[in-house]
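Below is protein-v3.txt, holding compact mmCIF, C-alpha atoms.
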# COMPACT_ATOMS: atom_id res chain seq x y z
CA MET W 25 126.84 70.70 72.45
CA VAL W 26 126.76 72.37 75.86
CA ARG W 27 128.59 75.69 75.59
CA PHE W 28 130.34 77.71 78.29
CA ILE W 29 129.92 81.33 79.30
CA LYS W 30 132.15 84.09 80.60
CA THR W 31 131.12 84.61 84.23
CA SER W 32 131.96 88.31 84.29
CA THR W 33 129.62 89.19 81.43
CA LEU W 34 127.41 86.07 81.10
CA GLU W 35 128.29 86.05 77.38
CA LEU W 36 128.51 82.81 75.45
CA LEU W 37 132.06 81.82 74.55
CA ASP W 38 132.94 80.74 71.03
CA LYS W 39 131.32 77.54 69.76
CA GLU W 40 134.64 75.74 69.96
CA PHE W 41 134.40 75.78 73.77
CA GLY W 42 132.02 73.23 75.23
CA ARG W 43 131.32 69.56 75.64
CA CYS W 44 129.26 66.92 73.90
CA ASP W 45 125.87 66.27 75.52
CA ARG W 46 124.62 63.58 73.18
CA GLU W 47 123.45 60.30 74.64
CA SER W 48 126.16 58.58 72.65
CA ASN W 49 128.73 60.96 74.19
CA CYS W 50 131.11 61.65 71.36
CA GLY W 51 133.75 62.67 73.88
CA TYR W 52 134.30 66.22 72.66
CA PHE W 53 135.37 68.63 75.40
CA ARG W 54 137.23 71.89 75.12
CA SER W 55 137.51 74.61 77.74
CA PRO W 56 139.16 78.04 77.70
CA THR W 57 142.86 78.11 78.52
CA ASP W 58 143.14 81.53 80.15
CA ASN W 59 142.58 80.09 83.64
CA LYS W 60 139.42 82.14 84.21
CA PRO W 61 136.45 80.47 85.90
CA ILE W 62 134.00 78.86 83.49
CA VAL W 63 130.43 77.81 84.12
CA ASN W 64 128.14 75.47 82.28
CA ILE W 65 125.34 77.60 80.81
CA LYS W 66 122.81 75.05 82.04
CA ASP W 67 123.85 75.92 85.61
CA ILE W 68 122.99 79.61 85.26
CA ALA W 69 119.55 80.37 86.68
CA SER W 70 117.14 82.27 84.47
CA PRO W 71 116.32 85.77 85.71
CA PRO W 72 113.04 85.91 87.64
CA SER W 73 109.99 86.81 85.59
CA LEU W 74 108.42 90.18 86.32
CA PRO W 75 104.97 90.03 87.94
CA ASN W 76 101.85 90.84 85.98
CA TYR W 77 99.14 93.10 87.35
CA HIS W 78 95.43 93.56 86.84
CA SER W 79 94.09 96.94 85.76
CA TRP W 80 92.18 99.17 88.14
CA SER W 81 89.31 99.29 85.67
CA GLU W 82 88.97 95.52 86.03
CA LEU W 83 88.81 95.85 89.80
CA ASP W 84 86.30 98.70 89.57
CA ASN W 85 84.04 96.67 87.31
CA THR W 86 83.81 93.84 89.84
CA TRP W 87 83.20 96.26 92.68
CA SER W 88 80.20 97.69 90.87
CA ASN W 89 78.71 94.29 90.09
CA GLY W 90 76.54 94.45 93.17
CA SER W 91 76.26 92.04 96.05
CA ASN W 92 77.62 88.53 96.51
CA ASN W 93 77.05 85.72 98.99
CA PHE W 94 79.80 86.87 101.33
CA LEU W 95 78.48 90.44 101.51
CA THR W 96 75.00 89.04 102.06
CA TYR W 97 76.31 87.00 104.98
CA LEU W 98 77.91 90.10 106.50
CA LYS W 99 74.42 91.58 106.87
CA SER W 100 73.84 89.10 109.70
CA ILE W 101 76.74 90.71 111.59
CA PHE W 102 77.00 94.38 110.62
CA ASP W 103 74.83 97.30 109.54
CA ASP W 104 74.81 98.48 105.94
CA MET W 105 77.20 101.39 106.56
CA THR W 106 79.81 99.12 108.14
CA ILE W 107 79.51 96.66 105.24
CA ASP W 108 79.92 99.46 102.70
CA ASN W 109 83.01 100.67 104.54
CA LEU W 110 84.51 97.17 104.66
CA GLN W 111 83.82 96.61 100.97
CA THR W 112 85.52 99.87 100.06
CA LEU W 113 88.42 99.37 102.45
CA TYR W 114 89.31 95.91 101.17
CA TYR W 115 88.20 96.22 97.53
CA ILE W 116 85.73 93.34 97.81
CA GLY W 117 84.43 92.48 94.35
CA SER W 118 81.69 90.29 92.91
CA CYS W 119 81.70 87.96 89.93
CA ASN W 120 79.20 85.66 88.19
CA LYS W 121 81.44 84.36 85.40
CA LYS W 122 82.18 80.99 86.99
CA TRP W 123 79.81 80.77 89.97
CA ASN W 124 76.86 83.01 90.72
CA ASN W 125 77.38 85.54 93.52
CA ALA W 126 81.06 84.68 94.00
CA THR W 127 83.37 87.00 95.95
CA ILE W 128 86.65 88.48 94.74
CA PHE W 129 89.34 89.38 97.24
CA TRP W 130 91.70 91.74 95.44
CA GLN W 131 95.32 91.89 96.55
CA VAL W 132 96.72 95.42 96.22
CA ASP W 133 100.25 96.33 97.31
CA THR W 134 101.51 99.59 98.78
CA GLU W 135 102.44 100.90 95.32
CA GLY W 136 98.87 100.53 94.12
CA ASN W 137 99.56 97.48 91.96
CA VAL W 138 96.61 95.08 91.72
CA ARG W 139 98.54 91.85 92.07
CA ALA W 140 95.77 89.28 92.19
CA GLY W 141 92.06 88.66 92.31
CA LYS W 142 91.17 85.57 94.33
CA MET W 143 87.64 84.38 93.66
CA MET W 144 85.76 82.26 96.20
CA LEU W 145 82.18 81.12 96.68
CA TYR W 146 80.52 81.37 100.08
CA ASN W 147 77.31 80.12 101.65
CA LYS W 148 75.27 83.28 102.19
CA GLU W 149 73.45 81.84 105.20
CA ILE W 150 76.35 80.70 107.39
CA GLY W 151 79.32 82.39 105.74
CA SER W 152 81.34 79.23 105.15
CA ARG W 153 83.21 78.49 101.92
CA VAL W 154 81.50 76.17 99.46
CA LYS W 155 83.72 73.06 99.37
CA SER W 156 81.36 70.51 97.86
CA PRO W 157 81.61 68.84 95.42
CA TYR W 158 84.97 70.65 95.17
CA PRO W 159 86.61 73.76 96.67
CA HIS W 160 85.20 76.79 94.87
CA ILE W 161 88.40 78.82 94.54
CA SER W 162 89.85 80.39 91.40
CA TRP W 163 91.77 83.45 90.19
CA MET W 164 90.63 86.30 88.00
CA HIS W 165 93.54 85.92 85.57
CA LYS W 166 92.32 82.36 84.96
CA ILE W 167 88.68 83.38 84.73
CA ASN W 168 89.58 86.00 82.12
CA GLU W 169 91.93 83.56 80.36
CA TYR W 170 95.00 85.79 80.52
CA LYS W 171 97.95 84.11 78.85
CA HIS W 172 101.36 84.00 80.53
CA PHE W 173 100.14 85.78 83.68
CA ASN W 174 102.90 85.68 86.30
CA LEU W 175 101.04 85.64 89.62
CA SER W 176 102.95 87.39 92.40
CA GLN W 177 100.81 87.57 95.51
CA CYS W 178 100.97 89.99 98.42
CA LEU W 179 99.17 90.06 101.73
CA PHE W 180 95.46 90.72 101.44
CA GLY W 181 95.05 94.22 102.86
CA LEU W 182 98.71 95.17 102.35
CA HIS W 183 97.67 98.50 100.82
CA LEU W 184 96.40 99.52 104.27
CA LEU W 185 99.98 100.25 105.27
CA ASN W 186 99.43 103.53 103.42
CA TYR W 187 96.65 104.43 105.86
CA MET W 188 98.12 103.58 109.27
CA VAL W 189 96.14 106.23 111.10
CA ILE W 190 93.36 105.08 113.42
CA ASP W 191 91.19 107.58 115.31
CA GLY W 192 93.62 110.35 114.41
CA GLU W 193 96.68 108.54 115.75
CA GLU W 194 99.38 106.78 113.75
CA THR W 195 99.78 103.09 114.54
CA HIS W 196 102.61 100.70 113.79
CA GLU W 197 100.75 97.56 114.78
CA VAL W 198 99.43 95.02 112.30
CA ARG W 199 97.36 91.88 112.93
CA VAL W 200 97.82 88.98 110.51
CA VAL W 201 95.42 86.06 110.06
CA GLU W 202 95.09 83.37 107.42
CA SER W 203 91.63 83.96 105.94
CA GLU W 204 90.53 87.04 104.01
CA LYS W 205 87.10 86.57 105.53
CA THR W 206 88.58 86.70 109.03
CA ALA W 207 90.59 89.86 108.32
CA ILE W 208 87.47 91.63 107.06
CA ILE W 209 85.19 90.59 109.90
CA MET W 210 87.81 91.34 112.56
CA THR W 211 88.18 94.83 111.09
CA GLY W 212 84.47 95.31 111.63
CA LEU W 213 84.67 93.96 115.18
CA MET W 214 88.02 95.51 116.18
CA PRO W 215 88.74 98.49 113.91
CA GLU W 216 91.45 99.75 116.26
CA TYR W 217 93.87 97.37 114.50
CA ILE W 218 95.00 96.94 110.91
CA TRP W 219 94.06 93.41 109.80
CA MET W 220 95.66 91.52 106.91
CA ALA W 221 95.49 87.95 105.64
CA THR W 222 97.98 85.55 104.12
CA GLY W 223 95.30 83.68 102.17
CA SER W 224 96.79 80.31 103.15
CA LYS W 225 98.88 78.89 105.98
CA SER W 226 101.86 78.39 103.63
CA ASN W 227 101.87 82.10 102.72
CA PHE W 228 103.12 83.01 106.19
CA LYS W 229 106.66 83.42 104.85
CA GLU W 230 109.31 86.04 104.36
CA SER W 231 108.45 87.02 100.79
CA MET W 232 104.89 87.85 101.87
CA LEU W 233 105.74 89.41 105.23
CA ALA W 234 108.73 91.49 104.05
CA PRO W 235 106.72 94.76 103.81
CA LEU W 236 105.88 94.42 107.54
CA LYS W 237 109.49 94.31 108.72
CA SER W 238 109.36 97.75 110.35
CA TYR W 239 106.00 97.12 112.04
CA ASN W 240 104.91 95.39 115.22
CA VAL W 241 103.04 92.31 114.05
CA VAL W 242 100.79 89.94 115.97
CA ALA W 243 99.89 86.80 114.02
CA TYR W 244 96.87 84.62 114.77
CA PRO W 245 97.33 81.24 113.09
CA ASP W 246 94.38 78.91 112.78
CA LYS W 247 94.24 76.30 115.51
CA SER W 248 96.92 73.60 115.09
CA GLU W 249 99.12 75.91 112.96
CA PHE W 250 100.84 77.65 115.88
CA ASP W 251 104.08 75.64 115.73
CA GLY W 252 104.57 76.18 112.01
CA TRP W 253 103.98 79.94 112.16
CA SER W 254 106.13 80.25 115.28
CA MET W 255 109.09 78.64 113.50
CA VAL W 256 108.76 81.13 110.66
CA ALA W 257 108.42 84.06 113.05
CA ASP W 258 111.49 83.03 115.06
CA LYS W 259 113.64 82.94 111.92
CA LEU W 260 112.31 86.29 110.69
CA ASN W 261 112.78 87.94 114.09
CA GLU W 262 116.46 87.02 113.86
CA LYS W 263 116.52 89.13 110.69
CA GLY W 264 115.03 92.20 112.33
CA PHE W 265 111.29 91.51 112.18
CA ASN W 266 109.06 91.99 115.22
CA ILE W 267 106.44 89.24 115.00
CA LYS W 268 104.57 87.73 117.92
CA VAL W 269 102.52 84.59 117.28
CA SER W 270 99.43 84.31 119.44
CA LYS W 271 98.61 81.02 121.15
CA LEU W 272 95.04 82.14 121.80
CA LEU W 273 93.33 79.55 119.61
CA GLU W 274 95.52 76.70 120.85
CA GLN W 275 94.12 77.32 124.34
CA THR W 276 90.51 76.69 123.26
CA ASN W 277 88.53 73.51 122.76
CA LEU W 278 87.79 74.40 119.15
CA ASP W 279 88.56 71.95 116.36
CA ALA W 280 91.75 72.12 114.31
CA GLY W 281 91.48 74.79 111.63
CA ALA W 282 89.28 77.09 113.74
CA ASP W 283 90.04 80.82 113.57
CA LEU W 284 89.18 84.02 115.42
CA ILE W 285 85.70 84.14 113.93
CA ASP W 286 84.94 80.66 115.24
CA LEU W 287 86.18 81.77 118.66
CA SER W 288 84.00 84.89 118.56
CA GLN W 289 80.93 82.82 117.66
CA GLN W 290 81.68 80.37 120.47
CA LEU W 291 81.97 83.20 122.99
CA LEU W 292 78.69 84.72 121.83
CA THR W 293 76.94 81.36 122.08
CA GLU W 294 78.26 80.80 125.61
CA ALA W 295 77.24 84.33 126.62
CA ASN W 296 73.67 83.69 125.50
Is it possible to give me this structure as structure tokens?
Amino acid sequence: MVRFIKTSTLELLDKEFGRCDRESNCGYFRSPTDNKPIVNIKDIASPPSLPNYHSWSELDNTWSNGSNNFLTYLKSIFDDMTIDNLQTLYYIGSCNKKWNNATIFWQVDTEGNVRAGKMMLYNKEIGSRVKSPYPHISWMHKINEYKHFNLSQCLFGLHLLNYMVIDGEETHEVRVVESEKTAIIMTGLMPEYIWMATGSKSNFKESMLAPLKSYNVVAYPDKSEFDGWSMVADKLNEKGFNIKVSKLLEQTNLDAGADLIDLSQQLLTEAN
């Protein structure tokens, strides 16, 4: 029996009101007679589940685990003080539970909620992600076998909105890229901007970008992703956002999927 509900209160009506839902279809059907709208209870969407968060002690424990392959790679680009600052700024953690010397990119929102811990394995020599024999990507709630963890991501680096002061002056400009690695390295190279990352090309969407609505945003999609990000930006700008999508990488001879770090390396190679 499929029962009906009262739309004003979402309460189930008496059992006498409903219809038969058996495969044999017994033909029973009875609806209220007071001329008020009725809705099949199966058509009412369940309320959204509340997000789960990691504890700060869990984040702190991974931060104190020492180095990892990504931090080791950064030593080929920056001095130790810069690396320490980047690690602290972005809450870069380390983990050996699944893969030795893996990196954890913690996602922390502006309220201080630790929303996610994305674990990835990098090649310490060249800084690329380990993709063979499979992509080495996981999540800390899976590593720690948390049951019924409702993952609700935010931009990597979103917490930096609480510290929008650079060189003593407040800024309202944010730079958005896809890769966490790119956001971190670009902060080291161009600290005059606040850099954040979506974590994937599909995460360039309203639910992730909503906290940036009152900011001036410049997005740098990986090469070949310009059209997709531009479509999203155009729709959001109609809603009051201020997002500009850079075509910088599309104007290079780099391969599809290249990002700002690849462009920087190309420029350095050409300069030498």
Counting all atoms listed in the file, what are the residues of range 84-164 of chain W within 12 Å of range 279-293 of chain W, and for each of them which pair of atoms is the nearest and at what distance in Å, to one decimal? Sort the table by chain and rising number, as a tab-separated table.
residue	atom	partner	partner_atom	distance
W:Ile101	CA	W:Gln289	CA	10.8
W:Ile150	CA	W:Gln289	CA	11.4
W:Gly151	CA	W:Ile285	CA	10.5
W:Ser152	CA	W:Asp286	CA	10.8
message: My list of candidates is W:His183, W:Lys121, W:Lys99, W:His165. Which is closest to Glu149 in chain W when distances are computed with all atoms listed in the file?
response: W:Lys99
- prompt: Can you tell me how far CA of Asn89 in chain W sits from CA of Asn109 in chain W, in Å to one decimal?
  reply: 16.4 Å
Residue with smallest distance to Leu113 in chain W - pool W:Asn266, W:Asn137, W:Gln131, W:Ser248, counting only C-alpha atoms: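 The shortest atom-to-atom distance to Leu113 in chain W comes from W:Gln131.
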message: For a quick check of understanding, using all atoms listed in the file, which of W:Phe250, W:Asn261, W:Leu175, W:Ser81 has the smallest distance to Gln275 in chain W?
response: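 Between W:Phe250, W:Asn261, W:Leu175, W:Ser81, the residue approaching Gln275 in chain W most closely is W:Phe250.
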- request: Name all residues at most 8 Å from Trp163 in chain W (count all atoms listed in the file; drop same-chain ones fewer than 5 positions away) and give them as a ChimeraX atom specification.
  value: /W:140-143
Residues of range 118-202 of chain W that have any atom at most 8 Å from an atom of range 237-244 of chain W: could you tabulate them with the shortest-distance atom pair and the distance in Å to one decimal, using all atoms listed in the file, ordered by chain and increasing number, as CSV?
residue,atom,partner,partner_atom,distance
W:His196,CA,W:Tyr239,CA,5.2
W:Glu197,CA,W:Asn240,CA,4.7
W:Val198,CA,W:Val241,CA,4.8
W:Arg199,CA,W:Val242,CA,5.0
W:Val200,CA,W:Ala243,CA,4.6
W:Val201,CA,W:Tyr244,CA,5.1
W:Glu202,CA,W:Tyr244,CA,7.7
message: Please determine, counting all atoms listed in the file, which residue among W:Trp123, W:Phe102, W:Phe129, W:Phe228 has the shortest atom-to-atom distance to Trp87 in chain W.
response: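 Smallest separation from Trp87 in chain W among the options: W:Phe129.
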Residues within 8 Å of (98.7, 88.1, 85.5), counting all atoms listed in the file, listed as a short mmCIF file (atom, residue, chain, number, x, y, z; two decimals) with C-alpha atoms, in the coordinates of the input:
data_model
loop_
_atom_site.label_atom_id
_atom_site.label_comp_id
_atom_site.auth_asym_id
_atom_site.auth_seq_id
_atom_site.Cartn_x
_atom_site.Cartn_y
_atom_site.Cartn_z
CA PRO W 75 104.97 90.03 87.94
CA ASN W 76 101.85 90.84 85.98
CA TYR W 77 99.14 93.10 87.35
CA HIS W 78 95.43 93.56 86.84
CA ARG W 139 98.54 91.85 92.07
CA ALA W 140 95.77 89.28 92.19
CA HIS W 165 93.54 85.92 85.57
CA TYR W 170 95.00 85.79 80.52
CA LYS W 171 97.95 84.11 78.85
CA HIS W 172 101.36 84.00 80.53
CA PHE W 173 100.14 85.78 83.68
CA ASN W 174 102.90 85.68 86.30
CA LEU W 175 101.04 85.64 89.62
#
Residue nearest Ser73 in chain W - candidates W:Ser176, W:Ser254, W:Ser118, W:Gln111, atoms counted: only C-alpha atoms: W:Ser176
query: From the set W:Asn168, W:Leu236, W:Glu230, W:Pro245, which residue has the shortest atom-to-atom contact distance to Thr206 in chain W, counting all atoms listed in the file?
result: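 Of the candidates, the smallest distance to Thr206 in chain W is held by W:Pro245.
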- request: Can you pull out every residue within 9 Å of Phe180 in chain W, counting all atoms listed in the file, but drop anything in the same chain fewer than 6 positions away, and send it as a ChimeraX atom specification?
  value: /W:114,129-133,203-204,207,219-223
field: Straight-line distance linking CA of Asn147 in chain W with CA of Phe94 in chain W, stated in Å to one decimal
entry: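 Going from CA of Asn147 in chain W over to CA of Phe94 in chain W, I get 7.2 Å.
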task: Quick one: everything within 6 Å of Leu145 in chain W, counting all atoms listed in the file, minus sequence neighbours fewer than 3 positions away in the same chain. Send it as a ChimeraX atom specification.
output: /W:126,153-154,160
- request: Quick one: pull the distance between CA of Tyr115 in chain W and CA of Met144 in chain W, Å, one decimal.
  value: 14.2 Å
